[in-house]
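Structure data (TSV, C-alpha atoms) from upload-v4.tsv:
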```tsv
chain	number	residue	atom	x	y	z
A	1	MET	CA	7.45	-90.65	172.15
A	2	TYR	CA	5.67	-94.00	172.09
A	3	ALA	CA	6.34	-94.44	175.81
A	4	LEU	CA	4.84	-91.02	176.59
A	5	VAL	CA	1.69	-91.85	174.64
A	6	GLN	CA	1.42	-95.19	176.44
A	7	ILE	CA	1.70	-93.45	179.83
A	8	MET	CA	-1.06	-90.97	178.90
A	9	LEU	CA	-3.35	-93.78	177.77
A	10	ASN	CA	-2.83	-95.66	181.01
A	11	LEU	CA	-3.63	-92.53	183.04
A	12	GLY	CA	-6.80	-91.95	181.03
A	13	SER	CA	-7.97	-95.53	181.55
A	14	GLN	CA	-7.32	-95.29	185.29
A	15	LEU	CA	-9.34	-92.06	185.55
A	16	CYS	CA	-12.23	-93.66	183.68
A	17	ILE	CA	-12.19	-96.64	186.03
A	18	GLU	CA	-12.18	-94.36	189.09
A	19	LYS	CA	-15.11	-92.31	187.73
A	20	LEU	CA	-17.04	-95.52	187.02
A	21	GLN	CA	-16.45	-96.72	190.58
A	22	MET	CA	-17.61	-93.34	192.01
A	23	TRP	CA	-20.77	-93.46	189.87
A	24	ARG	CA	-21.59	-96.96	191.13
A	25	GLN	CA	-21.07	-95.89	194.75
A	26	GLY	CA	-23.42	-92.96	194.19
A	27	GLN	CA	-26.09	-95.27	192.79
A	28	ASN	CA	-25.79	-97.53	195.82
A	29	LEU	CA	-26.19	-94.58	198.18
A	30	VAL	CA	-29.34	-93.46	196.34
A	31	ARG	CA	-30.83	-96.94	196.60
A	32	GLN	CA	-30.09	-97.11	200.35
A	33	ALA	CA	-31.59	-93.69	200.96
A	34	SER	CA	-34.74	-94.42	198.94
A	35	SER	CA	-35.40	-97.61	200.91
A	36	ARG	CA	-35.66	-95.54	204.11
A	37	LEU	CA	-38.17	-93.06	202.72
A	38	ILE	CA	-41.96	-93.23	202.84
A	39	VAL	CA	-43.72	-91.81	199.81
A	40	LEU	CA	-47.08	-90.27	200.59
A	41	PRO	CA	-49.68	-90.93	197.88
A	42	HIS	CA	-51.39	-87.98	196.27
A	43	SER	CA	-54.81	-87.10	197.65
A	44	SER	CA	-57.29	-84.29	197.13
A	45	ASN	CA	-56.33	-82.47	200.31
A	46	ARG	CA	-52.63	-83.26	200.53
A	47	SER	CA	-49.87	-82.91	197.98
A	48	CYS	CA	-47.48	-85.72	197.23
A	49	GLY	CA	-44.40	-85.63	199.39
A	50	ILE	CA	-41.67	-87.63	201.03
A	51	ILE	CA	-41.09	-87.97	204.77
A	52	THR	CA	-38.51	-89.81	206.76
A	53	GLY	CA	-38.95	-91.79	209.96
A	54	SER	CA	-42.18	-93.16	211.36
A	55	THR	CA	-45.68	-91.92	210.61
A	56	SER	CA	-47.79	-90.03	213.16
A	57	SER	CA	-49.39	-91.97	216.01
A	58	SER	CA	-52.90	-91.18	214.76
A	59	SER	CA	-52.30	-93.19	211.58
A	60	SER	CA	-50.06	-95.87	213.01
A	61	PRO	CA	-51.61	-99.34	212.81
A	62	SER	CA	-50.38	-100.02	216.35
A	63	VAL	CA	-52.77	-97.38	217.75
A	64	SER	CA	-56.32	-98.55	218.38
A	65	ILE	CA	-58.86	-97.04	215.97
A	66	TRP	CA	-60.96	-96.20	219.02
A	67	ARG	CA	-58.22	-93.90	220.34
A	68	ARG	CA	-57.60	-92.01	217.11
A	69	LYS	CA	-59.16	-88.69	216.19
A	70	LYS	CA	-62.64	-89.33	214.82
A	71	ASP	CA	-63.62	-87.00	211.98
A	72	ILE	CA	-66.97	-87.64	210.29
A	73	GLY	CA	-67.04	-87.46	206.51
A	74	LYS	CA	-69.96	-86.21	204.41
A	75	GLU	CA	-71.43	-89.71	204.09
A	76	GLY	CA	-71.17	-90.24	207.84
A	77	LEU	CA	-72.91	-86.93	208.58
A	78	MET	CA	-75.76	-87.81	206.25
A	79	VAL	CA	-76.19	-91.26	207.83
A	80	ALA	CA	-76.11	-89.85	211.37
A	81	LYS	CA	-78.77	-87.27	210.50
A	82	GLU	CA	-81.05	-89.85	208.86
A	83	LEU	CA	-80.70	-92.34	211.72
A	84	LYS	CA	-81.79	-89.70	214.21
A	85	ARG	CA	-84.73	-88.76	212.00
A	86	LEU	CA	-85.89	-92.34	211.29
A	87	GLN	CA	-85.51	-93.92	214.73
A	88	SER	CA	-89.23	-93.41	215.44
A	89	ASN	CA	-90.14	-95.41	212.32
A	90	ALA	CA	-88.98	-98.98	212.84
A	91	VAL	CA	-89.51	-100.20	209.26
A	92	ARG	CA	-87.73	-97.32	207.54
A	93	PHE	CA	-85.02	-97.34	210.18
A	94	GLU	CA	-84.19	-101.01	209.57
A	95	ARG	CA	-84.23	-100.50	205.83
A	96	PHE	CA	-81.84	-97.58	206.14
A	97	MET	CA	-79.52	-99.57	208.41
A	98	LYS	CA	-79.21	-102.28	205.76
A	99	SER	CA	-78.91	-99.98	202.77
A	100	HIS	CA	-76.60	-97.25	204.11
A	101	VAL	CA	-74.97	-98.07	207.46
A	102	SER	CA	-73.59	-101.35	206.15
A	103	ARG	CA	-71.88	-99.43	203.32
A	104	LEU	CA	-70.14	-96.86	205.51
A	105	LEU	CA	-66.37	-96.67	205.53
A	106	LYS	CA	-64.75	-97.89	208.72
A	107	SER	CA	-63.63	-94.39	209.70
A	108	ASP	CA	-67.14	-92.98	209.23
A	109	LEU	CA	-68.82	-95.81	211.14
A	110	VAL	CA	-66.42	-95.35	214.06
A	111	ALA	CA	-66.91	-91.57	214.01
A	112	VAL	CA	-70.73	-91.77	213.92
A	113	LEU	CA	-70.76	-94.17	216.86
A	114	ALA	CA	-68.47	-91.84	218.83
A	115	GLU	CA	-70.77	-88.91	218.07
A	116	PHE	CA	-73.88	-90.79	219.22
A	117	GLN	CA	-72.05	-91.72	222.43
A	118	ARG	CA	-71.07	-88.09	222.98
A	119	GLN	CA	-74.72	-87.04	222.59
A	120	ASP	CA	-75.85	-89.85	224.95
A	121	LEU	CA	-78.11	-91.35	222.28
A	122	VAL	CA	-78.31	-94.78	223.87
A	123	TYR	CA	-80.54	-96.57	221.34
A	124	LEU	CA	-78.59	-95.37	218.32
A	125	SER	CA	-75.29	-96.13	220.04
A	126	MET	CA	-76.40	-99.68	220.78
A	127	ARG	CA	-77.51	-100.22	217.18
A	128	LEU	CA	-74.20	-99.02	215.79
A	129	TYR	CA	-72.38	-100.99	218.47
A	130	GLU	CA	-74.01	-104.12	217.06
A	131	ALA	CA	-73.26	-103.04	213.49
A	132	VAL	CA	-69.57	-102.53	214.28
A	133	ARG	CA	-69.26	-105.99	215.80
A	134	LYS	CA	-70.57	-107.53	212.56
A	135	GLU	CA	-68.00	-105.80	210.36
A	136	ILE	CA	-65.29	-107.94	208.79
A	137	TRP	CA	-62.58	-105.59	210.07
A	138	TYR	CA	-63.82	-105.67	213.68
A	139	ARG	CA	-61.44	-106.89	216.36
A	140	PRO	CA	-62.24	-106.98	220.12
A	141	ASP	CA	-60.81	-103.85	221.69
A	142	MET	CA	-60.67	-102.59	225.27
A	143	PHE	CA	-61.28	-98.97	224.27
A	144	PHE	CA	-64.33	-99.86	222.17
A	145	TYR	CA	-66.01	-101.44	225.19
A	146	ARG	CA	-64.75	-98.80	227.61
A	147	ASP	CA	-66.41	-95.97	225.66
A	148	MET	CA	-69.69	-97.89	225.46
A	149	LEU	CA	-69.72	-98.57	229.20
A	150	PHE	CA	-68.92	-94.93	230.03
A	151	MET	CA	-71.89	-93.80	227.97
A	152	LEU	CA	-74.22	-96.38	229.54
A	153	ALA	CA	-73.07	-95.42	233.04
A	154	ARG	CA	-73.84	-91.75	232.37
A	155	ASN	CA	-77.34	-92.71	231.28
A	156	LYS	CA	-77.96	-95.26	234.05
A	157	LYS	CA	-78.69	-98.11	231.63
A	158	VAL	CA	-78.48	-101.40	233.53
A	159	ASP	CA	-79.79	-103.90	230.95
A	160	GLU	CA	-77.60	-102.53	228.17
A	161	THR	CA	-74.61	-102.59	230.51
A	162	LYS	CA	-75.18	-106.27	231.26
A	163	LYS	CA	-75.37	-107.08	227.55
A	164	VAL	CA	-72.17	-105.20	226.70
A	165	TRP	CA	-70.39	-106.83	229.64
A	166	GLU	CA	-71.49	-110.29	228.48
A	167	ASP	CA	-70.19	-109.52	224.99
A	168	LEU	CA	-66.76	-108.42	226.16
A	169	LYS	CA	-66.44	-111.47	228.40
A	170	LYS	CA	-67.27	-113.76	225.47
A	171	GLU	CA	-64.63	-112.04	223.37
A	172	GLY	CA	-62.01	-112.27	226.10
A	173	VAL	CA	-61.49	-108.52	226.45
A	174	MET	CA	-59.48	-107.51	229.52
A	175	PHE	CA	-59.27	-104.04	231.06
A	176	ASP	CA	-56.15	-102.67	232.69
A	177	GLN	CA	-56.25	-101.54	236.31
A	178	HIS	CA	-56.66	-97.84	235.52
A	179	THR	CA	-59.61	-98.52	233.20
A	180	PHE	CA	-61.24	-100.73	235.82
A	181	GLY	CA	-60.94	-97.91	238.36
A	182	ASP	CA	-62.38	-95.35	235.94
A	183	LEU	CA	-65.31	-97.62	235.10
A	184	VAL	CA	-66.13	-98.25	238.77
A	185	ARG	CA	-66.04	-94.51	239.42
A	186	ALA	CA	-68.24	-93.81	236.36
A	187	PHE	CA	-70.96	-96.21	237.53
A	188	LEU	CA	-70.77	-94.85	241.07
A	189	ASP	CA	-71.21	-91.32	239.75
A	190	GLY	CA	-74.19	-92.60	237.77
A	191	GLY	CA	-75.76	-94.00	240.94
A	192	LEU	CA	-75.35	-97.62	239.83
A	193	SER	CA	-73.50	-98.94	242.86
A	194	SER	CA	-74.42	-102.59	242.23
A	195	GLU	CA	-72.96	-102.54	238.72
A	196	ALA	CA	-69.93	-100.63	240.02
A	197	MET	CA	-69.17	-103.30	242.60
A	198	HIS	CA	-69.65	-106.04	240.03
A	199	ILE	CA	-66.93	-104.39	237.94
A	200	TYR	CA	-64.83	-104.04	241.09
A	201	ASP	CA	-65.11	-107.78	241.71
A	202	GLU	CA	-63.94	-108.38	238.14
A	203	MET	CA	-61.03	-106.06	238.80
A	204	ARG	CA	-60.03	-108.10	241.83
A	205	LEU	CA	-59.94	-111.23	239.66
A	206	SER	CA	-57.83	-109.57	236.98
A	207	PRO	CA	-54.37	-111.10	236.39
A	208	ASP	CA	-52.85	-107.61	236.19
A	209	PRO	CA	-50.92	-106.56	239.31
A	210	PRO	CA	-52.97	-104.18	241.49
A	211	MET	CA	-52.15	-100.46	241.53
A	212	SER	CA	-52.87	-97.97	244.29
A	213	LEU	CA	-54.20	-95.08	242.17
A	214	PRO	CA	-57.33	-96.87	240.85
A	215	TYR	CA	-58.26	-97.76	244.44
A	216	ARG	CA	-57.94	-94.12	245.48
A	217	VAL	CA	-60.17	-93.10	242.57
A	218	MET	CA	-62.79	-95.64	243.62
A	219	MET	CA	-62.70	-94.73	247.31
A	220	LYS	CA	-63.28	-91.09	246.44
A	221	GLY	CA	-66.35	-92.12	244.43
A	222	LEU	CA	-67.57	-94.26	247.33
A	223	LEU	CA	-67.93	-91.39	249.80
A	224	SER	CA	-71.70	-91.65	249.41
A	225	TYR	CA	-71.55	-95.40	250.13
A	226	PRO	CA	-69.74	-95.81	253.49
A	227	GLU	CA	-70.19	-99.59	253.76
A	228	LEU	CA	-68.92	-100.25	250.26
A	229	ARG	CA	-66.07	-97.84	250.86
A	230	GLU	CA	-64.99	-99.78	253.94
A	231	LYS	CA	-64.90	-102.98	251.90
A	232	VAL	CA	-62.71	-101.41	249.22
A	233	LYS	CA	-60.58	-99.76	251.89
A	234	ASP	CA	-59.94	-103.10	253.61
A	235	ASP	CA	-58.88	-104.64	250.30
A	236	PHE	CA	-56.66	-101.65	249.62
A	237	LEU	CA	-54.91	-101.87	252.99
A	238	GLU	CA	-54.41	-105.59	252.51
A	239	LEU	CA	-52.72	-104.95	249.17
A	240	PHE	CA	-50.84	-101.79	250.19
A	241	PRO	CA	-50.26	-101.96	253.97
A	242	ASP	CA	-47.67	-99.16	253.92
A	243	ILE	CA	-49.96	-96.55	252.35
A	244	VAL	CA	-52.07	-94.30	254.57
A	245	VAL	CA	-55.74	-93.86	253.62
A	246	TYR	CA	-57.39	-90.54	254.35
A	247	ASP	CA	-60.82	-90.93	255.97
A	248	PRO	CA	-63.13	-87.91	255.77
A	249	PRO	CA	-64.90	-86.76	258.96
A	250	VAL	CA	-67.85	-88.91	260.03
A	251	ASP	CA	-70.27	-86.01	259.70
A	252	LEU	CA	-69.41	-85.83	256.00
A	253	PHE	CA	-71.07	-89.22	255.50
A	254	ASP	CA	-74.11	-87.98	257.42
A	255	GLU	CA	-74.27	-84.91	255.17
A	256	GLU	CA	-74.05	-87.08	252.05
A	257	GLU	CA	-76.84	-89.33	253.37
A	258	TRP	CA	-78.97	-86.28	254.14
A	259	ARG	CA	-78.49	-84.99	250.59
A	260	LYS	CA	-79.41	-88.40	249.16
A	261	GLU	CA	-82.63	-88.51	251.23
A	262	SER	CA	-83.47	-84.97	250.17
A	263	ASP	CA	-83.08	-85.90	246.51
A	264	ASP	CA	-85.35	-88.92	247.01
A	265	ASP	CA	-88.02	-86.71	248.58
```
Rewritten as structure tokens:
Amino acid sequence: MYALVQIMLNLGSQLCIEKLQMWRQGQNLVRQASSRLIVLPHSSNRSCGIITGSTSSSSSPSVSIWRRKKDIGKEGLMVAKELKRLQSNAVRFERFMKSHVSRLLKSDLVAVLAEFQRQDLVYLSMRLYEAVRKEIWYRPDMFFYRDMLFMLARNKKVDETKKVWEDLKKEGVMFDQHTFGDLVRAFLDGGLSSEAMHIYDEMRLSPDPPMSLPYRVMMKGLLSYPELREKVKDDFLELFPDIVVYDPPVDLFDEEEWRKESDDD
């Protein structure tokens, strides 16, 4: 009888040990799983939740703030409206810049600048451009300068373009080949051929390996400038001797020149 009781006690102890080991394994699994989860904090427009994996590209710190979706908050809308209203009054405008623009959240400041660029408000864009560059969170960014130059090209602003270009050179900002090609085309479309070719010369000095597509984009924009197009074409053929370049009929250049003279008249 004593032996039977001893056997039962041993079995009970073994079961308890096994259950304790299973409980510990379960706790370890929970800890491992929780370390791979991202807990979203509660906000007014989003309930608290848990997601796995990486966050969306729009909120990822690796994505430039100038490429993310730009939504203006209430404070940003109010500031944008007041800046447009006060720009004719220099004293009140400067006072408002110091008292309100300097207090804007980063997201609102970025969004207001993007909206002024979209509306081609050159003066206001330049003022916010300067304000952004004074912020403590500002870092030189290719897309920040690209958007400014696109807006200035649309509005044919030469002096402002020179200033922005000097700033980006001082900060060591480099464009990739595709952005260079798009900028050259934008200034050509704006009728600023001299500025376009200056950017082209910078592109030629870029350490990035040349690509054929940006050259094709530029040559299409140079149809109204036959001499400049021949220069770019020669450079293109030197870099890509195996690629055929399509040349439009000669009378097309004559037609473009005729249209240009008609517009001047």
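Between Asp71 (chain A) and the candidates A:Val232, A:Glu115, A:Leu192, A:Leu239, the tightest atom-to-atom separation, counting all atoms listed in the file, involves A:Glu115.
Going from CA of Phe180 (chain A) to CA of Tyr200 (chain A) covers 7.2 Å.
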*Which residues, written as number ranges by chain, have at least one atom at most 7 Å from Met218 (chain A), with all atoms listed in the file counted and residues fewer than 2 positions away on the same chain left out?*
A: 181, 184-185, 214-216, 220-222
*All residues 12 Å or closer to Gln177 (chain A), only C-alpha atoms, same chain fewer than 5 positions away omitted, as a ChimeraX atom specification*: /A:142,182-184,199-200,202-218
*Which one of A:Asp235, A:Glu160, A:Asp141, A:Glu135 sits closest to Arg103 (chain A) if you count only C-alpha atoms?*
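Among the listed residues, the smallest separation from Arg103 (chain A) belongs to A:Glu135.
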Would you save region 124-161 of chain A from the block above with N, CA and C atoms, as an mmCIF file, in the first residue's frame?
```
data_model
loop_
_atom_site.group_PDB
_atom_site.id
_atom_site.type_symbol
_atom_site.label_atom_id
_atom_site.label_comp_id
_atom_site.auth_asym_id
_atom_site.auth_seq_id
_atom_site.Cartn_x
_atom_site.Cartn_y
_atom_site.Cartn_z
ATOM 1 N N LEU A 124 5.251 84.330 -51.671
ATOM 2 C CA LEU A 124 4.935 83.585 -50.448
ATOM 3 C C LEU A 124 5.734 82.284 -50.382
ATOM 4 N N SER A 125 5.929 81.651 -51.518
ATOM 5 C CA SER A 125 6.725 80.423 -51.542
ATOM 6 C C SER A 125 8.165 80.696 -51.138
ATOM 7 N N MET A 126 8.720 81.795 -51.624
ATOM 8 C CA MET A 126 10.097 82.131 -51.279
ATOM 9 C C MET A 126 10.226 82.467 -49.789
ATOM 10 N N ARG A 127 9.236 83.138 -49.222
ATOM 11 C CA ARG A 127 9.299 83.466 -47.802
ATOM 12 C C ARG A 127 9.217 82.212 -46.936
ATOM 13 N N LEU A 128 8.353 81.287 -47.301
ATOM 14 C CA LEU A 128 8.272 80.042 -46.534
ATOM 15 C C LEU A 128 9.473 79.142 -46.799
ATOM 16 N N TYR A 129 10.017 79.234 -47.995
ATOM 17 C CA TYR A 129 11.250 78.510 -48.313
ATOM 18 C C TYR A 129 12.366 78.928 -47.355
ATOM 19 N N GLU A 130 12.482 80.234 -47.119
ATOM 20 C CA GLU A 130 13.480 80.738 -46.185
ATOM 21 C C GLU A 130 13.149 80.312 -44.756
ATOM 22 N N ALA A 131 11.862 80.335 -44.409
ATOM 23 C CA ALA A 131 11.462 79.949 -43.055
ATOM 24 C C ALA A 131 11.785 78.477 -42.787
ATOM 25 N N VAL A 132 11.549 77.630 -43.767
ATOM 26 C CA VAL A 132 11.829 76.200 -43.610
ATOM 27 C C VAL A 132 13.314 75.971 -43.358
ATOM 28 N N ARG A 133 14.157 76.670 -44.096
ATOM 29 C CA ARG A 133 15.603 76.463 -43.986
ATOM 30 C C ARG A 133 16.165 76.942 -42.645
ATOM 31 N N LYS A 134 15.385 77.714 -41.883
ATOM 32 C CA LYS A 134 15.815 78.164 -40.567
ATOM 33 C C LYS A 134 15.335 77.244 -39.451
ATOM 34 N N GLU A 135 14.458 76.300 -39.786
ATOM 35 C CA GLU A 135 13.922 75.407 -38.756
ATOM 36 C C GLU A 135 14.991 74.450 -38.251
ATOM 37 N N ILE A 136 14.878 74.083 -36.972
ATOM 38 C CA ILE A 136 15.869 73.196 -36.371
ATOM 39 C C ILE A 136 15.830 71.792 -36.958
ATOM 40 N N TRP A 137 14.651 71.398 -37.472
ATOM 41 C CA TRP A 137 14.507 70.056 -38.038
ATOM 42 C C TRP A 137 14.915 69.990 -39.510
ATOM 43 N N TYR A 138 15.231 71.132 -40.113
ATOM 44 C CA TYR A 138 15.521 71.149 -41.557
ATOM 45 C C TYR A 138 16.800 70.396 -41.878
ATOM 46 N N ARG A 139 16.719 69.600 -42.943
ATOM 47 C CA ARG A 139 17.880 68.929 -43.511
ATOM 48 C C ARG A 139 17.854 69.131 -45.030
ATOM 49 N N PRO A 140 19.003 69.417 -45.657
ATOM 50 C CA PRO A 140 19.021 69.581 -47.123
ATOM 51 C C PRO A 140 18.413 68.365 -47.809
ATOM 52 N N ASP A 141 17.551 68.623 -48.778
ATOM 53 C CA ASP A 141 16.808 67.547 -49.423
ATOM 54 C C ASP A 141 16.633 67.855 -50.909
ATOM 55 N N MET A 142 16.900 66.877 -51.752
ATOM 56 C CA MET A 142 16.782 67.040 -53.190
ATOM 57 C C MET A 142 15.359 67.417 -53.604
ATOM 58 N N PHE A 143 14.361 66.794 -52.989
ATOM 59 C CA PHE A 143 12.981 67.012 -53.389
ATOM 60 C C PHE A 143 12.481 68.385 -52.951
ATOM 61 N N PHE A 144 12.993 68.904 -51.856
ATOM 62 C CA PHE A 144 12.661 70.256 -51.407
ATOM 63 C C PHE A 144 13.087 71.276 -52.456
ATOM 64 N N TYR A 145 14.306 71.148 -52.948
ATOM 65 C CA TYR A 145 14.807 72.076 -53.961
ATOM 66 C C TYR A 145 14.181 71.818 -55.332
ATOM 67 N N ARG A 146 13.931 70.573 -55.648
ATOM 68 C CA ARG A 146 13.300 70.263 -56.939
ATOM 69 C C ARG A 146 11.953 70.950 -57.069
ATOM 70 N N ASP A 147 11.109 70.857 -56.028
ATOM 71 C CA ASP A 147 9.776 71.454 -56.092
ATOM 72 C C ASP A 147 9.853 72.972 -56.207
ATOM 73 N N MET A 148 10.820 73.582 -55.518
ATOM 74 C CA MET A 148 10.981 75.035 -55.629
ATOM 75 C C MET A 148 11.374 75.428 -57.046
ATOM 76 N N LEU A 149 12.305 74.702 -57.632
ATOM 77 C CA LEU A 149 12.776 75.037 -58.976
ATOM 78 C C LEU A 149 11.693 74.808 -60.026
ATOM 79 N N PHE A 150 10.883 73.773 -59.867
ATOM 80 C CA PHE A 150 9.769 73.555 -60.788
ATOM 81 C C PHE A 150 8.821 74.750 -60.768
ATOM 82 N N MET A 151 8.495 75.223 -59.570
ATOM 83 C CA MET A 151 7.581 76.351 -59.448
ATOM 84 C C MET A 151 8.178 77.613 -60.055
ATOM 85 N N LEU A 152 9.455 77.856 -59.833
ATOM 86 C CA LEU A 152 10.111 79.041 -60.384
ATOM 87 C C LEU A 152 10.225 78.973 -61.903
ATOM 88 N N ALA A 153 10.434 77.766 -62.424
ATOM 89 C CA ALA A 153 10.493 77.605 -63.881
ATOM 90 C C ALA A 153 9.136 77.907 -64.513
ATOM 91 N N ARG A 154 8.068 77.441 -63.897
ATOM 92 C CA ARG A 154 6.722 77.716 -64.432
ATOM 93 C C ARG A 154 6.441 79.207 -64.489
ATOM 94 N N ASN A 155 7.003 79.943 -63.527
ATOM 95 C CA ASN A 155 6.710 81.369 -63.431
ATOM 96 C C ASN A 155 7.825 82.250 -63.990
ATOM 97 N N LYS A 156 8.806 81.625 -64.645
ATOM 98 C CA LYS A 156 9.868 82.344 -65.345
ATOM 99 C C LYS A 156 10.624 83.304 -64.430
ATOM 100 N N LYS A 157 10.975 82.842 -63.245
ATOM 101 C CA LYS A 157 11.662 83.669 -62.262
ATOM 102 C C LYS A 157 13.158 83.355 -62.271
ATOM 103 N N VAL A 158 13.940 84.246 -62.882
ATOM 104 C CA VAL A 158 15.368 83.998 -63.054
ATOM 105 C C VAL A 158 16.146 84.293 -61.775
ATOM 106 N N ASP A 159 15.920 85.456 -61.168
ATOM 107 C CA ASP A 159 16.687 85.838 -59.975
ATOM 108 C C ASP A 159 16.453 84.857 -58.832
ATOM 109 N N GLU A 160 15.199 84.481 -58.623
ATOM 110 C CA GLU A 160 14.888 83.540 -57.549
ATOM 111 C C GLU A 160 15.516 82.174 -57.824
ATOM 112 N N THR A 161 15.537 81.793 -59.101
ATOM 113 C CA THR A 161 16.159 80.526 -59.468
ATOM 114 C C THR A 161 17.642 80.525 -59.128
#
```
